[in-house]
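Worksheet for the structure shown next.
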Amino acid sequence: MAEALHDPNVLPDDLPVPQDDGAARHLAGMKLPDMPLPATDGAEVNLSRLKGRTVVYVYPRTGRPGQALPTGWDAIPGARGCTPQSCGFRDHSAEMKRLGVAALFGLSTQVTAYQREVAERLHLPFWILSDADLKLTRAMRLPTFAVDGMTLIRRMAWVIDDGVLTKVFYPVFPPDRSAQEVVALLQASR
């Protein structure tokens, strides 16, 4: 965690753009594994069993104001921007519900206690799911990267219909417009 202290709400102008490496191509049409994940409210959520339309935004990790970034964070394509992405989904959550989304979640490999602080600080009106043990990540063969001893999921957004991944946004850039891209798809599919 060698980089300078930062404000996770602000994206630098010179972030590298992630390229589509094909690592998420196999996900579209996939039935989600029958696997419960811990949520920030203390419950467990099994995405494979949810009825109707679910949206999940997947992100590497959120930072905290005044804390150092992981080593080389701003140079890793697609790493920076988890807080702006979360805030975008927060700001568009009511609109997504109006467009037929029954459930909205964030998902990362961070532990639930860390995610709970983030959800409270950012006033998120939805739960964040934890895959800290990487079971879902491995079962779905999600694209990951490693930094400072952490295995992190690459940024994505999913539209899930009755437990099946019907749309995968990958790569996601810029992260602060991820929710708007999902809203545009939901509007077009009405």
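Each chain of the structure tokens is named A, B, ... in the order shown, its residues numbered from 1; ligands are numbered from 1 in display order.
With only C-alpha atoms taken into account, the protein and nucleic acid residues at most 12 Å from Phe145 of chain A (excluding it and anything under 6 positions from it in its own chain) are Ala23, Tyr59, Pro60, Arg61, Trp73, Ile76, Pro77, Gly78, Ala79, Thr109, Thr137, Thr151, Leu152, Ile153, Arg154 and Arg155 of chain A.
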Could those selected residues go to a file with N, CA and C atoms, as a tab-separated table (two decimals), in the first residue's frame?
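Printed below is part38.tsv as written:
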```tsv
chain	number	residue	atom	x	y	z
A	23	ALA	N	-12.10	-12.58	-20.99
A	23	ALA	CA	-12.17	-13.37	-19.76
A	23	ALA	C	-13.58	-13.49	-19.19
A	59	TYR	N	-17.09	-5.32	-8.36
A	59	TYR	CA	-15.98	-4.38	-8.31
A	59	TYR	C	-14.81	-4.98	-7.53
A	60	PRO	N	-13.59	-4.49	-7.79
A	60	PRO	CA	-12.42	-5.06	-7.10
A	60	PRO	C	-12.42	-4.81	-5.58
A	61	ARG	N	-12.46	-3.55	-5.18
A	61	ARG	CA	-12.46	-3.23	-3.75
A	61	ARG	C	-12.70	-1.73	-3.59
A	73	TRP	N	-2.08	0.91	-7.89
A	73	TRP	CA	-3.53	0.83	-8.12
A	73	TRP	C	-3.99	1.64	-9.33
A	76	ILE	N	-3.33	-0.01	-12.80
A	76	ILE	CA	-3.99	-1.27	-13.15
A	76	ILE	C	-5.28	-0.92	-13.90
A	77	PRO	N	-5.38	-1.28	-15.18
A	77	PRO	CA	-6.59	-0.95	-15.93
A	77	PRO	C	-7.86	-1.51	-15.26
A	78	GLY	N	-8.81	-0.63	-14.98
A	78	GLY	CA	-10.08	-1.02	-14.40
A	78	GLY	C	-10.10	-1.15	-12.89
A	79	ALA	N	-8.99	-0.91	-12.22
A	79	ALA	CA	-8.97	-1.08	-10.77
A	79	ALA	C	-9.64	0.09	-10.05
A	109	THR	N	-14.76	-9.11	-3.24
A	109	THR	CA	-14.12	-10.13	-2.42
A	109	THR	C	-13.74	-9.59	-1.04
A	137	THR	N	-16.34	-16.81	-7.23
A	137	THR	CA	-15.34	-16.41	-8.23
A	137	THR	C	-14.77	-17.63	-8.94
A	151	THR	N	-6.64	-11.25	-4.00
A	151	THR	CA	-7.23	-11.65	-5.27
A	151	THR	C	-8.52	-10.87	-5.40
A	152	LEU	N	-8.63	-10.08	-6.46
A	152	LEU	CA	-9.76	-9.18	-6.65
A	152	LEU	C	-10.44	-9.47	-7.98
A	153	ILE	N	-11.76	-9.31	-8.00
A	153	ILE	CA	-12.54	-9.54	-9.22
A	153	ILE	C	-12.45	-8.30	-10.10
A	154	ARG	N	-12.32	-8.51	-11.38
A	154	ARG	CA	-12.33	-7.39	-12.32
A	154	ARG	C	-13.74	-6.81	-12.39
A	155	ARG	N	-13.81	-5.52	-12.64
A	155	ARG	CA	-15.08	-4.79	-12.65
A	155	ARG	C	-16.01	-5.26	-13.76
```
Can you tell me, as a PyMOL selection string, what residues are no more than 12 Å from Asp176 of chain A when counting only C-alpha atoms, ignoring any on the same chain fewer than 4 positions away?
chain A and resi 8-12+57+59+78+80-92+155+172+180-182
Report as number ranges by chain: the residues of chain A with a DSSP assignment of helix (DSSP H, G or I), based on the backbone of this structure.
A: 25-27, 47-49, 73-75, 82-98, 112-121, 135-140, 175-188
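Relative to atom CA of Ala113 of chain A, atom CA of Ala39 of chain A is found at 9.6 Å.
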Nearest residue to Gln187 of chain A from the set A:Gly163, A:Gly72, A:Gly100, A:Gly66 (distances using only C-alpha atoms)
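Ranking A:Gly163, A:Gly72, A:Gly100, A:Gly66 by distance to Gln187 of chain A, first place goes to A:Gly100.
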Contact residues around Leu32 of chain A with only C-alpha atoms at 10 Å, ignoring same-chain residues under 5 positions, as a list in words
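The residues that qualify are Leu27, Asn46, Leu47, Ser48, Arg49, Leu136, Ala139, Met140, Ile160, Asp162, Gly163, Val164 and Leu165 of chain A.
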Distance atom CA of Arg116 of chain A-atom CA of Leu142 of chain A, one decimal place?
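Going from atom CA of Arg116 of chain A over to atom CA of Leu142 of chain A covers 23.2 Å.
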Using only C-alpha atoms, which protein or nucleic acid residues come within 6 Å of Pro38 of chain A? Drop anything in the same chain fewer than 2 positions from it, and give the result as an mmCIF file with C-alpha atoms, in the first residue's frame.
```cif
data_model
loop_
_atom_site.group_PDB
_atom_site.id
_atom_site.type_symbol
_atom_site.label_atom_id
_atom_site.label_comp_id
_atom_site.auth_asym_id
_atom_site.auth_seq_id
_atom_site.Cartn_x
_atom_site.Cartn_y
_atom_site.Cartn_z
ATOM 1 C CA GLU A 44 -27.336 -14.612 2.987
ATOM 2 C CA LEU A 129 -22.421 -9.321 -1.159
ATOM 3 C CA SER A 130 -19.085 -10.794 -0.116
#
```
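Closest approach to Lys167 of chain A from the set A:Ala28, A:Met35, A:Leu185, A:Val118 is made by A:Ala28, with distances taken over only C-alpha atoms.
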Per DSSP on the backbone, what are the strand (DSSP E) residues of chain A, as JSON, numbers by chain?
{"A": [36, 37, 38, 44, 45, 46, 53, 54, 55, 56, 57, 58, 101, 102, 103, 104, 105, 106, 107, 108, 127, 128, 129, 130, 144, 145, 146, 147, 150, 151, 152, 153, 156, 157, 158, 159, 160, 161, 164, 165, 166, 167, 168, 169]}
Between atom CA of Asp74 of chain A and atom CA of Lys135 of chain A - distance in Å to one decimal
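Between these atoms lies a distance of 27.1 Å.
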